[in-house]
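Next comes structure24.txt, with compact mmCIF, C-alpha atoms and all ligand atoms.
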# COMPACT_ATOMS: atom_id res chain seq x y z
CA MET A 630 -7.16 -25.35 -18.71
CA ARG A 631 -6.63 -21.78 -19.75
CA VAL A 632 -6.21 -19.49 -16.74
CA LEU A 633 -6.08 -15.70 -16.52
CA LEU A 634 -4.19 -14.46 -13.44
CA VAL A 635 -4.97 -10.84 -12.54
CA GLY A 636 -2.23 -8.74 -10.94
CA GLY A 637 1.38 -7.87 -11.60
CA GLY A 638 3.46 -8.07 -8.43
CA GLY A 639 5.79 -10.56 -6.78
CA ARG A 640 2.83 -12.50 -5.40
CA GLU A 641 1.51 -12.97 -8.92
CA HIS A 642 4.88 -14.21 -10.22
CA ALA A 643 5.00 -16.75 -7.37
CA MET A 644 1.44 -17.82 -8.20
CA ALA A 645 2.30 -18.07 -11.91
CA TRP A 646 5.40 -20.16 -11.08
CA LYS A 647 3.23 -22.53 -9.04
CA LEU A 648 0.22 -22.62 -11.41
CA THR A 649 2.40 -23.48 -14.39
CA GLN A 650 3.55 -26.62 -12.57
CA SER A 651 -0.03 -27.92 -12.58
CA PRO A 652 -0.73 -30.85 -14.93
CA LEU A 653 -4.21 -29.33 -15.37
CA LEU A 654 -2.82 -26.13 -16.90
CA LYS A 655 -2.53 -25.68 -20.64
CA LYS A 656 -1.82 -21.95 -20.77
CA LEU A 657 -1.56 -19.11 -18.24
CA TYR A 658 -2.14 -15.46 -19.06
CA CYS A 659 -1.20 -12.69 -16.64
CA ALA A 660 -2.80 -9.25 -16.75
CA PRO A 661 -0.72 -7.19 -16.62
CA GLY A 662 2.00 -9.46 -15.14
CA ASN A 663 5.67 -8.45 -15.01
CA ALA A 664 8.91 -9.56 -16.67
CA GLY A 665 8.92 -12.67 -14.46
CA THR A 666 5.47 -13.88 -15.46
CA GLY A 667 6.37 -13.07 -19.07
CA LEU A 668 9.43 -15.35 -18.86
CA THR A 669 7.70 -18.26 -17.07
CA PRO A 670 7.17 -21.22 -19.44
CA LEU A 671 3.48 -21.64 -20.42
CA SER A 672 2.78 -18.08 -19.22
CA GLU A 673 2.19 -14.97 -21.30
CA ASN A 674 1.43 -11.38 -20.32
CA VAL A 675 -1.67 -9.54 -21.49
CA PRO A 676 -1.40 -5.72 -21.44
CA ILE A 677 -4.62 -4.99 -19.52
CA ALA A 678 -4.56 -3.19 -16.17
CA ALA A 679 -5.78 -5.23 -13.17
CA THR A 680 -8.39 -2.52 -12.54
CA ASP A 681 -9.89 -2.49 -16.07
CA ILE A 682 -12.77 -4.81 -15.20
CA ASP A 683 -14.67 -4.53 -18.50
CA ALA A 684 -11.58 -5.16 -20.60
CA LEU A 685 -10.52 -8.16 -18.47
CA VAL A 686 -13.95 -9.79 -18.71
CA ALA A 687 -14.18 -9.16 -22.47
CA TRP A 688 -10.68 -10.56 -23.02
CA ALA A 689 -11.40 -13.64 -20.89
CA LYS A 690 -14.60 -14.31 -22.88
CA ASP A 691 -12.88 -13.83 -26.24
CA ASN A 692 -10.01 -16.09 -25.25
CA ALA A 693 -12.02 -18.99 -23.82
CA ILE A 694 -10.59 -18.66 -20.30
CA ASP A 695 -11.61 -21.49 -17.95
CA LEU A 696 -10.70 -19.73 -14.70
CA VAL A 697 -9.98 -16.09 -13.83
CA ALA A 698 -7.76 -16.05 -10.73
CA VAL A 699 -7.94 -12.66 -9.03
CA ALA A 700 -4.80 -12.16 -6.96
CA SER A 701 -4.77 -8.50 -5.98
CA ASP A 702 -6.99 -6.29 -3.84
CA ASP A 703 -8.14 -3.57 -6.23
CA PRO A 704 -9.92 -5.82 -8.77
CA LEU A 705 -11.59 -7.70 -5.90
CA ALA A 706 -12.87 -4.40 -4.48
CA LEU A 707 -14.01 -3.33 -7.96
CA GLY A 708 -16.11 -6.48 -8.34
CA LEU A 709 -14.11 -8.42 -10.94
CA VAL A 710 -15.30 -11.76 -9.54
CA ASP A 711 -18.95 -10.66 -9.78
CA ALA A 712 -18.40 -9.34 -13.32
CA CYS A 713 -16.83 -12.66 -14.39
CA GLN A 714 -19.71 -14.64 -12.91
CA ALA A 715 -22.26 -12.39 -14.61
CA ALA A 716 -20.49 -13.11 -17.90
CA GLY A 717 -20.58 -16.87 -17.29
CA LEU A 718 -16.88 -17.15 -16.40
CA ARG A 719 -15.51 -19.08 -13.43
CA ALA A 720 -13.44 -16.93 -11.06
CA PHE A 721 -11.26 -17.58 -8.01
CA GLY A 722 -11.55 -14.99 -5.26
CA PRO A 723 -14.30 -13.44 -3.14
CA ALA A 724 -17.15 -11.46 -4.68
CA LYS A 725 -17.17 -7.72 -3.97
CA ALA A 726 -19.53 -8.02 -0.99
CA ALA A 727 -17.27 -10.66 0.59
CA ALA A 728 -14.07 -8.75 -0.21
CA GLU A 729 -15.51 -5.85 1.81
CA ILE A 730 -13.80 -7.56 4.76
CA GLU A 731 -10.62 -6.05 3.26
CA TRP A 732 -11.78 -2.92 1.45
CA SER A 733 -13.70 -1.47 4.41
CA LYS A 734 -12.11 -1.49 7.83
CA VAL A 735 -15.41 -0.17 9.24
CA PHE A 736 -17.20 -3.25 7.86
CA ALA A 737 -14.50 -5.63 9.13
CA LYS A 738 -14.55 -4.12 12.63
CA GLY A 739 -18.35 -4.26 12.74
CA LEU A 740 -18.29 -7.93 11.75
CA MET A 741 -15.77 -8.72 14.48
CA ARG A 742 -17.79 -6.84 17.08
CA LYS A 743 -21.03 -8.59 16.08
CA TYR A 744 -19.50 -12.08 16.07
CA ASN A 745 -17.12 -11.71 19.04
CA ILE A 746 -13.93 -12.14 17.02
CA PRO A 747 -11.01 -10.81 19.10
CA THR A 748 -9.73 -7.45 17.86
CA ALA A 749 -8.64 -4.06 19.23
CA ALA A 750 -11.37 -1.96 20.92
CA TYR A 751 -12.51 0.81 18.56
CA GLU A 752 -15.00 3.40 17.41
CA THR A 753 -15.78 4.63 13.89
CA PHE A 754 -16.39 8.19 12.71
CA THR A 755 -17.56 10.08 9.66
CA ASP A 756 -17.37 13.48 11.35
CA CYS A 757 -13.89 14.91 11.88
CA ALA A 758 -14.75 17.11 14.88
CA ALA A 759 -16.45 14.20 16.70
CA ALA A 760 -13.45 11.97 15.92
CA ALA A 761 -11.04 14.56 17.33
CA VAL A 762 -13.12 14.92 20.54
CA TYR A 763 -13.11 11.13 20.98
CA ALA A 764 -9.36 10.86 20.29
CA LYS A 765 -8.62 13.61 22.84
CA ALA A 766 -10.78 11.91 25.46
CA GLN A 767 -8.72 8.72 25.04
CA ASN A 768 -5.74 10.77 26.23
CA PRO A 769 -3.15 9.25 23.86
CA SER A 770 0.46 9.21 25.06
CA PRO A 771 3.72 7.51 24.04
CA GLU A 772 2.84 4.71 26.51
CA ARG A 773 -0.78 4.44 25.32
CA PRO A 774 -0.88 5.44 21.64
CA LEU A 775 -4.00 5.39 19.49
CA VAL A 776 -4.27 3.94 16.01
CA ILE A 777 -6.15 5.88 13.32
CA LYS A 778 -7.17 3.99 10.19
CA ALA A 779 -8.68 5.21 6.94
CA ASP A 780 -11.67 3.03 6.05
CA GLY A 781 -10.75 2.16 2.46
CA LEU A 782 -7.79 0.69 0.57
CA ALA A 783 -4.83 3.04 0.93
CA LEU A 784 -1.78 1.07 -0.25
CA GLY A 785 -0.67 0.37 3.32
CA LYS A 786 -0.54 4.11 4.08
CA GLY A 787 -3.94 4.41 5.73
CA VAL A 788 -2.78 3.53 9.26
CA VAL A 789 -1.20 6.11 11.57
CA ILE A 790 -0.14 5.58 15.17
CA VAL A 791 -0.51 8.79 17.20
CA ARG A 792 0.96 9.60 20.59
CA ASP A 793 -0.81 12.81 21.62
CA ALA A 794 -4.12 14.59 21.03
CA ALA A 795 -2.68 17.30 18.76
CA GLU A 796 -1.12 14.69 16.48
CA ALA A 797 -4.41 12.79 16.45
CA GLU A 798 -6.30 15.89 15.36
CA ALA A 799 -3.80 16.68 12.59
CA VAL A 800 -3.96 13.11 11.25
CA LEU A 801 -7.76 13.08 11.39
CA ARG A 802 -7.96 16.38 9.50
CA ASP A 803 -5.60 15.13 6.81
CA MET A 804 -7.46 11.81 6.43
CA MET A 805 -11.01 13.08 6.65
CA GLU A 806 -10.77 16.56 5.14
CA GLY A 807 -7.48 16.60 3.21
CA GLY A 808 -7.18 15.16 -0.26
CA SER A 809 -4.37 12.66 0.38
CA PHE A 810 -6.61 9.63 0.86
CA ALA A 811 -8.90 10.15 -2.14
CA GLY A 812 -12.09 9.03 -0.41
CA ALA A 813 -10.51 6.14 1.53
CA GLY A 814 -10.41 8.31 4.66
CA ARG A 815 -13.87 9.83 4.70
CA ARG A 816 -14.71 7.26 7.36
CA VAL A 817 -12.11 6.35 9.97
CA VAL A 818 -11.60 3.76 12.67
CA ILE A 819 -9.89 4.87 15.88
CA GLU A 820 -8.64 1.90 17.83
CA GLU A 821 -6.65 0.74 20.79
CA TYR A 822 -2.92 0.15 20.22
CA LEU A 823 -2.06 -3.52 20.60
CA ARG A 824 1.32 -4.69 21.84
CA GLY A 825 2.91 -7.91 20.66
CA ARG A 826 4.41 -9.56 17.61
CA GLU A 827 2.55 -9.79 14.34
CA VAL A 828 1.86 -12.90 12.31
CA THR A 829 0.10 -13.54 9.01
CA ALA A 830 -2.33 -16.45 9.25
CA MET A 831 -3.99 -17.25 5.92
CA CYS A 832 -6.41 -19.97 4.89
CA PHE A 833 -8.05 -21.34 1.79
CA THR A 834 -11.81 -21.42 2.17
CA ASP A 835 -14.85 -22.08 -0.01
CA GLY A 836 -17.07 -20.37 2.53
CA GLY A 837 -17.57 -23.55 4.55
CA THR A 838 -14.40 -25.65 4.71
CA VAL A 839 -11.30 -23.87 6.04
CA PHE A 840 -7.71 -24.98 5.44
CA PRO A 841 -5.19 -22.88 7.38
CA MET A 842 -1.83 -22.42 5.66
CA PRO A 843 1.45 -22.41 7.56
CA PRO A 844 1.95 -19.03 9.24
CA ALA A 845 4.21 -16.34 7.85
CA ARG A 846 5.77 -13.20 9.23
CA ASP A 847 6.01 -10.13 7.05
CA HIS A 848 8.20 -7.10 7.85
CA LYS A 849 6.40 -3.94 6.79
CA ARG A 850 8.76 -1.11 7.68
CA ALA A 851 11.23 -0.03 5.02
CA TYR A 852 14.42 -0.24 7.09
CA ASP A 853 16.17 -2.49 9.61
CA ASN A 854 14.95 -2.56 13.23
CA ASP A 855 11.44 -1.70 12.00
CA GLU A 856 12.44 1.85 11.22
CA GLY A 857 11.21 4.05 8.40
CA PRO A 858 7.86 4.22 6.65
CA ASN A 859 5.40 1.36 6.16
CA THR A 860 5.69 -0.50 2.87
CA GLY A 861 3.77 -3.31 1.23
CA GLY A 862 6.22 -5.72 2.92
CA MET A 863 10.03 -6.03 2.74
CA GLY A 864 10.42 -9.74 3.36
CA ALA A 865 8.81 -12.75 5.00
CA ILE A 866 9.58 -16.06 6.65
CA THR A 867 7.60 -19.21 7.22
CA PRO A 868 7.00 -20.90 9.62
CA VAL A 869 7.01 -18.47 12.54
CA PRO A 870 8.88 -19.91 15.56
CA ASP A 871 6.89 -18.04 18.24
CA TYR A 872 3.53 -18.90 16.62
CA THR A 873 3.08 -22.21 18.42
CA PRO A 874 0.69 -25.00 17.33
CA GLU A 875 -1.50 -23.95 20.30
CA LEU A 876 -1.74 -20.39 18.95
CA ALA A 877 -2.48 -21.75 15.46
CA ALA A 878 -5.31 -23.88 16.86
CA ARG A 879 -6.71 -20.86 18.75
CA CYS A 880 -6.54 -18.75 15.62
CA ALA A 881 -8.38 -21.39 13.58
CA GLU A 882 -11.12 -21.82 16.21
CA GLU A 883 -11.45 -18.23 17.51
CA ILE A 884 -10.76 -16.24 14.36
CA MET A 885 -10.67 -18.03 11.00
CA ARG A 886 -13.68 -20.32 11.28
CA PRO A 887 -15.83 -17.72 13.10
CA ALA A 888 -14.97 -15.12 10.42
CA VAL A 889 -15.81 -17.48 7.54
CA ASN A 890 -19.03 -18.54 9.29
CA ALA A 891 -19.91 -14.91 10.04
CA MET A 892 -19.53 -13.97 6.39
CA ARG A 893 -21.78 -16.84 5.39
CA ALA A 894 -24.36 -15.81 8.01
CA GLU A 895 -24.27 -12.26 6.62
CA GLY A 896 -25.07 -13.57 3.13
CA ARG A 897 -21.54 -12.77 1.93
CA LEU A 898 -20.09 -16.24 1.27
CA PHE A 899 -16.32 -15.79 1.34
CA LYS A 900 -14.51 -17.94 -1.23
CA GLY A 901 -10.80 -17.59 -1.78
CA ILE A 902 -7.96 -16.76 0.57
CA LEU A 903 -8.76 -15.14 3.89
CA TYR A 904 -5.71 -13.35 5.26
CA CYS A 905 -5.79 -12.69 9.02
CA GLU A 906 -3.18 -10.25 10.24
CA LEU A 907 -2.83 -11.01 13.93
CA MET A 908 -1.19 -9.35 16.88
CA LEU A 909 -0.04 -11.95 19.40
CA THR A 910 -0.95 -10.05 22.56
CA ALA A 911 -0.67 -11.09 26.20
CA ASP A 912 -4.45 -11.77 25.99
CA GLY A 913 -4.11 -14.03 22.96
CA PRO A 914 -4.21 -13.44 19.20
CA LYS A 915 -6.23 -10.41 18.05
CA VAL A 916 -7.06 -9.34 14.50
CA ILE A 917 -5.31 -6.23 13.19
CA GLU A 918 -6.97 -6.55 9.83
CA PHE A 919 -8.35 -9.00 7.29
CA ASN A 920 -7.35 -9.19 3.65
CA ALA A 921 -9.17 -11.06 0.94
CA ARG A 922 -6.16 -12.47 -0.96
CA PHE A 923 -2.65 -13.86 -0.62
CA GLY A 924 -0.21 -11.55 1.16
CA ASP A 925 2.69 -10.12 -0.78
CA PRO A 926 5.50 -11.10 0.05
CA GLU A 927 3.96 -13.88 2.19
CA ALA A 928 2.91 -15.75 -0.99
CA GLN A 929 6.51 -15.76 -2.23
CA ALA A 930 7.64 -17.41 1.04
CA LEU A 931 4.75 -19.90 1.21
CA LEU A 932 4.17 -21.12 -2.33
CA PRO A 933 7.58 -22.84 -2.66
CA LEU A 934 6.41 -25.10 0.21
CA LEU A 935 2.98 -25.94 -1.22
CA GLU A 936 3.17 -29.56 -2.38
CA SER A 937 -0.41 -29.69 -3.67
CA ASP A 938 -1.57 -28.36 -7.00
CA LEU A 939 -2.58 -24.69 -6.57
CA LEU A 940 -4.87 -24.83 -9.59
CA GLU A 941 -6.69 -27.85 -8.17
CA ILE A 942 -7.16 -25.99 -4.87
CA MET A 943 -8.49 -22.90 -6.67
CA LEU A 944 -10.93 -24.98 -8.69
CA ALA A 945 -12.17 -26.73 -5.53
CA VAL A 946 -12.66 -23.35 -3.80
CA GLU A 947 -14.55 -21.97 -6.78
CA ALA A 948 -16.78 -25.04 -7.00
CA GLY A 949 -17.47 -25.09 -3.24
CA ARG A 950 -15.95 -28.55 -2.82
CA LEU A 951 -12.83 -27.79 -0.81
CA ASP A 952 -13.84 -30.64 1.52
CA THR A 953 -12.82 -33.11 -1.20
CA ILE A 954 -9.11 -32.23 -1.08
CA THR A 955 -6.46 -31.62 1.59
CA PRO A 956 -3.72 -29.14 0.67
CA GLN A 957 -0.29 -30.49 1.64
CA TRP A 958 2.71 -28.43 2.66
CA GLU A 959 6.37 -29.42 2.79
CA ASP A 960 7.57 -29.57 6.39
CA ALA A 961 10.35 -27.01 5.90
CA ALA A 962 11.05 -23.30 6.14
CA CYS A 963 11.29 -20.64 3.47
CA ALA A 964 12.50 -17.06 3.53
CA CYS A 965 12.01 -14.18 1.14
CA VAL A 966 13.85 -10.85 1.08
CA VAL A 967 12.63 -8.00 -1.11
CA ALA A 968 15.14 -5.99 -3.16
CA ALA A 969 13.63 -2.52 -3.47
CA SER A 970 14.30 0.65 -5.48
CA GLY A 971 16.17 3.46 -3.67
CA GLY A 972 13.55 5.88 -2.31
CA TYR A 973 10.72 3.31 -2.01
CA PRO A 974 8.03 3.66 -0.60
CA GLY A 975 8.45 7.30 -1.65
CA ASP A 976 9.61 8.39 -5.11
CA TYR A 977 12.09 6.19 -6.94
CA ARG A 978 13.60 5.86 -10.41
CA LYS A 979 12.46 3.31 -12.97
CA GLU A 980 14.00 1.61 -16.00
CA LEU A 981 17.30 0.85 -14.25
CA PRO A 982 19.06 -2.26 -15.62
CA ILE A 983 19.02 -5.34 -13.37
CA THR A 984 22.02 -7.68 -13.50
CA GLY A 985 23.25 -10.79 -11.70
CA LEU A 986 20.14 -12.97 -11.88
CA ASP A 987 21.83 -15.56 -14.09
CA ALA A 988 24.71 -16.13 -11.64
CA LEU A 989 22.68 -17.22 -8.60
CA PRO A 990 23.01 -20.59 -6.82
CA LYS A 991 20.45 -23.20 -7.88
CA ASP A 992 18.70 -23.17 -4.49
CA ILE A 993 17.71 -19.50 -4.88
CA LEU A 994 14.32 -18.64 -6.35
CA VAL A 995 13.73 -15.11 -7.59
CA PHE A 996 10.21 -13.80 -8.04
CA HIS A 997 9.89 -10.59 -10.01
CA ALA A 998 7.67 -7.73 -8.83
CA GLY A 999 8.45 -4.30 -10.33
CA THR A 1000 10.31 -5.49 -13.42
CA ILE A 1001 9.71 -5.12 -17.15
CA ALA A 1002 11.51 -6.22 -20.30
CA GLY A 1003 12.99 -2.93 -21.51
CA ALA A 1004 14.40 -1.99 -24.91
CA SER A 1005 16.15 -4.92 -26.65
CA GLY A 1006 14.72 -7.31 -24.05
CA ARG A 1007 16.97 -6.00 -21.25
CA LEU A 1008 15.52 -6.52 -17.77
CA VAL A 1009 14.86 -3.17 -16.06
CA THR A 1010 13.16 -1.94 -12.89
CA ASN A 1011 9.55 -0.83 -13.08
CA GLY A 1012 8.38 -0.45 -9.47
CA GLY A 1013 9.28 0.04 -5.81
CA ARG A 1014 9.51 -3.58 -4.80
CA VAL A 1015 11.59 -5.02 -7.64
CA LEU A 1016 12.46 -8.64 -6.77
CA ALA A 1017 11.77 -11.17 -4.01
CA VAL A 1018 14.77 -13.39 -3.40
CA CYS A 1019 13.73 -16.68 -1.77
CA ALA A 1020 15.26 -19.91 -0.49
CA LYS A 1021 14.12 -22.94 1.45
CA GLY A 1022 15.89 -24.53 4.42
CA ASP A 1023 15.29 -26.77 7.41
CA THR A 1024 14.73 -23.67 9.54
CA PRO A 1025 13.96 -20.01 8.74
CA GLY A 1026 17.55 -19.19 9.82
CA LYS A 1027 19.06 -21.58 7.30
CA ALA A 1028 16.75 -20.33 4.55
CA LEU A 1029 17.69 -16.73 5.38
CA GLY A 1030 21.40 -17.64 5.34
CA ARG A 1031 21.00 -18.84 1.74
CA VAL A 1032 19.14 -15.69 0.68
CA TYR A 1033 21.60 -13.31 2.31
CA GLY A 1034 24.53 -15.31 0.89
CA ALA A 1035 23.26 -14.70 -2.63
CA ILE A 1036 21.34 -11.42 -2.75
CA ASP A 1037 24.42 -9.19 -3.20
CA ARG A 1038 25.11 -10.83 -6.55
CA ILE A 1039 22.04 -9.02 -7.84
CA HIS A 1040 22.49 -5.39 -8.79
CA PHE A 1041 20.49 -2.39 -9.88
CA GLU A 1042 21.27 1.24 -9.12
CA GLY A 1043 19.90 2.25 -5.71
CA MET A 1044 18.92 -1.33 -4.70
CA PHE A 1045 18.32 -1.78 -0.99
CA TYR A 1046 16.97 -4.55 1.21
CA ARG A 1047 16.46 -5.26 4.88
CA ARG A 1048 19.21 -7.26 6.54
CA ASP A 1049 17.11 -8.37 9.51
CA ILE A 1050 14.20 -10.28 7.97
CA GLY A 1051 13.09 -12.96 10.41
CA ALA A 1052 14.64 -11.24 13.46
CA LEU A 1053 12.30 -11.14 16.46
CA LYS A 1054 11.06 -7.65 17.30
CA PRO A 1055 11.87 -6.80 20.94
CA LEU A 1056 8.69 -6.51 23.00
P1 LIG A 1101 -2.79 -2.45 8.63
O1 LIG A 1101 -2.79 -1.65 7.36
O2 LIG A 1101 -4.08 -2.49 9.35
O3 LIG A 1101 -2.17 -3.80 8.39
O4 LIG A 1101 -1.77 -1.73 9.61
C1 LIG A 1101 -0.43 -1.47 9.24
C2 LIG A 1101 0.45 -1.69 10.43
O5 LIG A 1101 0.08 -0.83 11.50
C3 LIG A 1101 0.33 -3.10 10.99
O6 LIG A 1101 1.17 -3.99 10.33
C4 LIG A 1101 0.73 -2.88 12.44
O7 LIG A 1101 2.11 -2.92 12.57
C5 LIG A 1101 0.23 -1.50 12.75
N1 LIG A 1101 -1.06 -1.57 13.44
C6 LIG A 1101 -2.29 -1.56 12.88
N2 LIG A 1101 -3.23 -1.63 13.83
C7 LIG A 1101 -2.60 -1.67 15.02
C8 LIG A 1101 -3.03 -1.74 16.38
N3 LIG A 1101 -4.32 -1.73 16.72
N4 LIG A 1101 -2.08 -1.79 17.32
C9 LIG A 1101 -0.77 -1.77 17.03
N5 LIG A 1101 -0.30 -1.68 15.76
C10 LIG A 1101 -1.21 -1.65 14.77
N1 LIG A 1102 2.22 -8.14 3.15
C1 LIG A 1102 1.02 -7.52 3.51
C2 LIG A 1102 -0.07 -7.60 2.55
O1 LIG A 1102 0.00 -8.28 1.55
O2 LIG A 1102 -1.10 -6.97 2.76
Take the structure I supplied and represent it as structure tokens, if you would.
Amino acid sequence: MRVLLVGGGGREHAMAWKLTQSPLLKKLYCAPGNAGTGLTPLSENVPIAATDIDALVAWAKDNAIDLVAVASDDPLALGLVDACQAAGLRAFGPAKAAAEIEWSKVFAKGLMRKYNIPTAAYETFTDCAAAAVYAKAQNPSPERPLVIKADGLALGKGVVIVRDAAEAEAVLRDMMEGGSFAGAGRRVVIEEYLRGREVTAMCFTDGGTVFPMPPARDHKRAYDNDEGPNTGGMGAITPVPDYTPELAARCAEEIMRPAVNAMRAEGRLFKGILYCELMLTADGPKVIEFNARFGDPEAQALLPLLESDLLEIMLAVEAGRLDTITPQWEDAACACVVAASGGYPGDYRKELPITGLDALPKDILVFHAGTIAGASGRLVTNGGRVLAVCAKGDTPGKALGRVYGAIDRIHFEGMFYRRDIGALKPL
């Protein structure tokens, strides 16, 4: 089979690494990919942006692609899966109307309210003055903050926790009337602040059958002790020791299956990977948000443990016959720590040489994210999250020990990483 994988981050390199192990695969193309996907045997990069829907579909048609695997959020929201289907191409991932569960928080909250899926109490607004009146009436304080969310995709920057009414009003003005959210904030959700620890619970689904994956825990803040700005994710572990089998069963029965069934009932069959970001509250797991794809860096921590053939799973999802296979996972742990560019998630330099990757122990896996082959083939930085350094172990602690024992052998100017991935956040 000839597969086109759409995206260019660490998640996509991990997917490419796994897909190229499939006996069904003849050739993988990644658009746009990164230096890692370009170096993976059987894989080749195609210089088309993940958001250039017309060019991707035309290229896939011209190159006799058997499956277009859409890995990242923007092309899902732009309708790449629908465009592929209209052109007679098979595609893995939800159609635009199903991906709305990620690209509109207002839609996702409405779905949860209608189908009694546990989530934070909330209201939605399109009028800034009405939103500010509501926020003030909630009387936010450091003990009882409020969470303000831009409706659309905002690169992880569309969520602000506010602790008093004046702050709430300023945030609402910026989101709803300022230019910084480019349309994503014209509608907002204002919701109750949930206390607890977060967990990423993902599943494969063809819209009927649901296969939960092992849980993962991502660490979103840039610096140790959950300080600093939110990022796309600075590291992840799997499994998650405090996410017990009982909680996993509750999540499957109270959240995953009801959400998949709700989407079907709404005429928006969800096929692909449903990502449930949960807060483990004293009242049980509640949804913080849904995504319509693999998490990044959760995919880098999970895919090394997937024993089954990822391509076979994707084909079964696409064909609506997920009930004919059972994905198998290795009963072990895996950890991933992201090496980021100095300044990320704000401004950072690019094209800095990366060294040390050839001197790593054999049990370390490195997935590239923001990397590119520079002049004379030298590996250089090309993004904020540069590399995901991963290792397996019997426990998350042992896996983390391997990663932290090796990561300092890698070098690029300004490189930083969190030293506390996997540590339990105090409650
Ligand atoms: P999101 O973009 O919805 O994943 O939110 C980004 C981060 O904001 C999450 O990872 C949480 O840490 C935090 N967050 C979002 N919603 C809530 C909430 N209702 N209560 C507490 N924290 C939240
Ligand atoms: N790691 C969070 C995400 O992929 O959305």
Next item on the list: Please extract the residues at most 10 Å from ligand LIG 1101 (chain A), counting all atoms listed in the file, and provide them as an MDAnalysis selection string, using the chain letters and residue numbers of this document.
Entry: chainID A and resid 731 734 748:751 774:780 782:790 818:829 847:850 855 859:862 905:908 910 915:920
Next item on the list: Just the residues within 7 Å of Arg815 (chain A), please, counting only C-alpha atoms, with nothing from its chain fewer than 6 positions along; format it as a count of residues only.
Entry: 3
Item checked: Contacts of Gly975 (chain A) within 9 Å, all atoms listed in the file, excl. fewer than 4 positions in-chain, as an NGL selection string -> :A and (858 or 971 or 1013)
Would you save the residues of that selection, restricted to C-alpha atoms, as an mmCIF file, in the frame of the given file?
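Contents of the output file out-v4.cif:
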data_model
loop_
_atom_site.group_PDB
_atom_site.id
_atom_site.type_symbol
_atom_site.label_atom_id
_atom_site.label_comp_id
_atom_site.auth_asym_id
_atom_site.auth_seq_id
_atom_site.Cartn_x
_atom_site.Cartn_y
_atom_site.Cartn_z
ATOM 1 C CA PRO A 858 7.860 4.220 6.650
ATOM 2 C CA GLY A 971 16.170 3.460 -3.670
ATOM 3 C CA GLY A 1013 9.280 0.040 -5.810
#
Margin query: Just the number, please: distance in Å from CA of Gly972 (chain A) to CA of Asn854 (chain A), one decimal.
Written below: 17.7 Å
Next item on the list: Rank A:Leu986, A:Ala930, A:Met741, A:Ala693 by their smallest atom-to-atom distance to Leu1029 (chain A), using all atoms listed in the file, and report the top residue only.
Entry: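 The closest residue to Leu1029 (chain A) is A:Ala930.
Nearest residue to Phe833 (chain A), choosing from A:Asp793, A:Glu927, A:Glu772, A:Glu947 and counting all atoms listed in the file: A:Glu947.
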Notebook entry, point to check: Hey, what's within 7 Å of Trp958 (chain A) if we count all atoms listed in the file and toss same-chain stuff fewer than 5 positions away? As a PyMOL selection string, please?
Noted result: chain A and resi 934-936
Check: Between A:Cys832, A:Leu718, A:Ala797, A:Ala894, which is the closest to Leu951 (chain A) once you count only C-alpha atoms?
Finding: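 Comparing A:Cys832, A:Leu718, A:Ala797, A:Ala894 against Leu951 (chain A), the winner is A:Cys832.
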Notebook entry, point to check: Excluding same-chain residues fewer than 5 positions from Gly1051 (chain A), what lies within 12 Å of it counting only C-alpha atoms, as number ranges by chain?
Noted result: A: 826-828, 845-849, 853-855, 863-871, 930, 962-966, 1024-1030, 1032-1033
Around ligand LIG 1102 (chain A), fit a box with edges along x, y and z, padding it by 6 Å on each side, then list its centre and edge lengths in Å to one decimal as JSON.
{"center_x": 0.6, "center_y": -7.6, "center_z": 2.5, "size_x": 15.3, "size_y": 13.3, "size_z": 14.0}
Env of Thr955 (chain A): 10 Å cut, atoms = only C-alpha atoms, seq-sep filter 6 positions within chain, self excluded. Answer as a PDB file with C-alpha atoms, keeping the file's coordinate frame.
ATOM      1  CA  PHE A 840      -7.710 -24.980   5.440  1.00  0.00           C
ATOM      2  CA  SER A 937      -0.410 -29.690  -3.670  1.00  0.00           C
ATOM      3  CA  ILE A 942      -7.160 -25.990  -4.870  1.00  0.00           C
TER       4      ILE A 942
END
Next item on the list: Enumerate, as a ChimeraX atom specification, the protein, DNA and RNA residues whose atoms approach (-6.6, 0.0, -9.3) to within 10 Å, taking into account all atoms listed in the file and the coordinate frame of the file.
Entry: /A:636,678-682,701-707,782
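Nearest residue to Trp732 (chain A), choosing from A:Leu931, A:Ala1002, A:Ala968, A:Ala921 and counting all atoms listed in the file: A:Ala921.
Of note, CA of Ala877 (chain A) and CA of Gln957 (chain A) are spaced 16.5 Å apart.
Distances to ligand LIG 1102 (chain A) were evaluated for A:Leu634, A:Val967, A:Ala1020, A:Ala1035 using only C-alpha atoms and all ligand atoms, and the minimum falls at A:Val967.
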Notebook entry, point to check: Taking into account all atoms listed in the file, which residue in the set A:Asp952, A:Glu798, A:Asp925, A:Asp1037 is nearest to ligand LIG 1102 (chain A)?
Noted result: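 For ligand LIG 1102 (chain A), the nearest of the given residues is A:Asp925.
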Margin query: Rounded to one decimal, what separation in Å do you get between CA of Val817 (chain A) and CA of Gly913 (chain A)?
Written below: 25.5 Å
Next item on the list: List every protein, DNA or RNA residue with an atom no more than 6 Å from (6.4, -15.1, -5.3) in the file's coordinates, counting all atoms listed in the file, and format the result as a PyMOL selection string.
Entry: chain A and resi 639-640+642-643+928-929+996
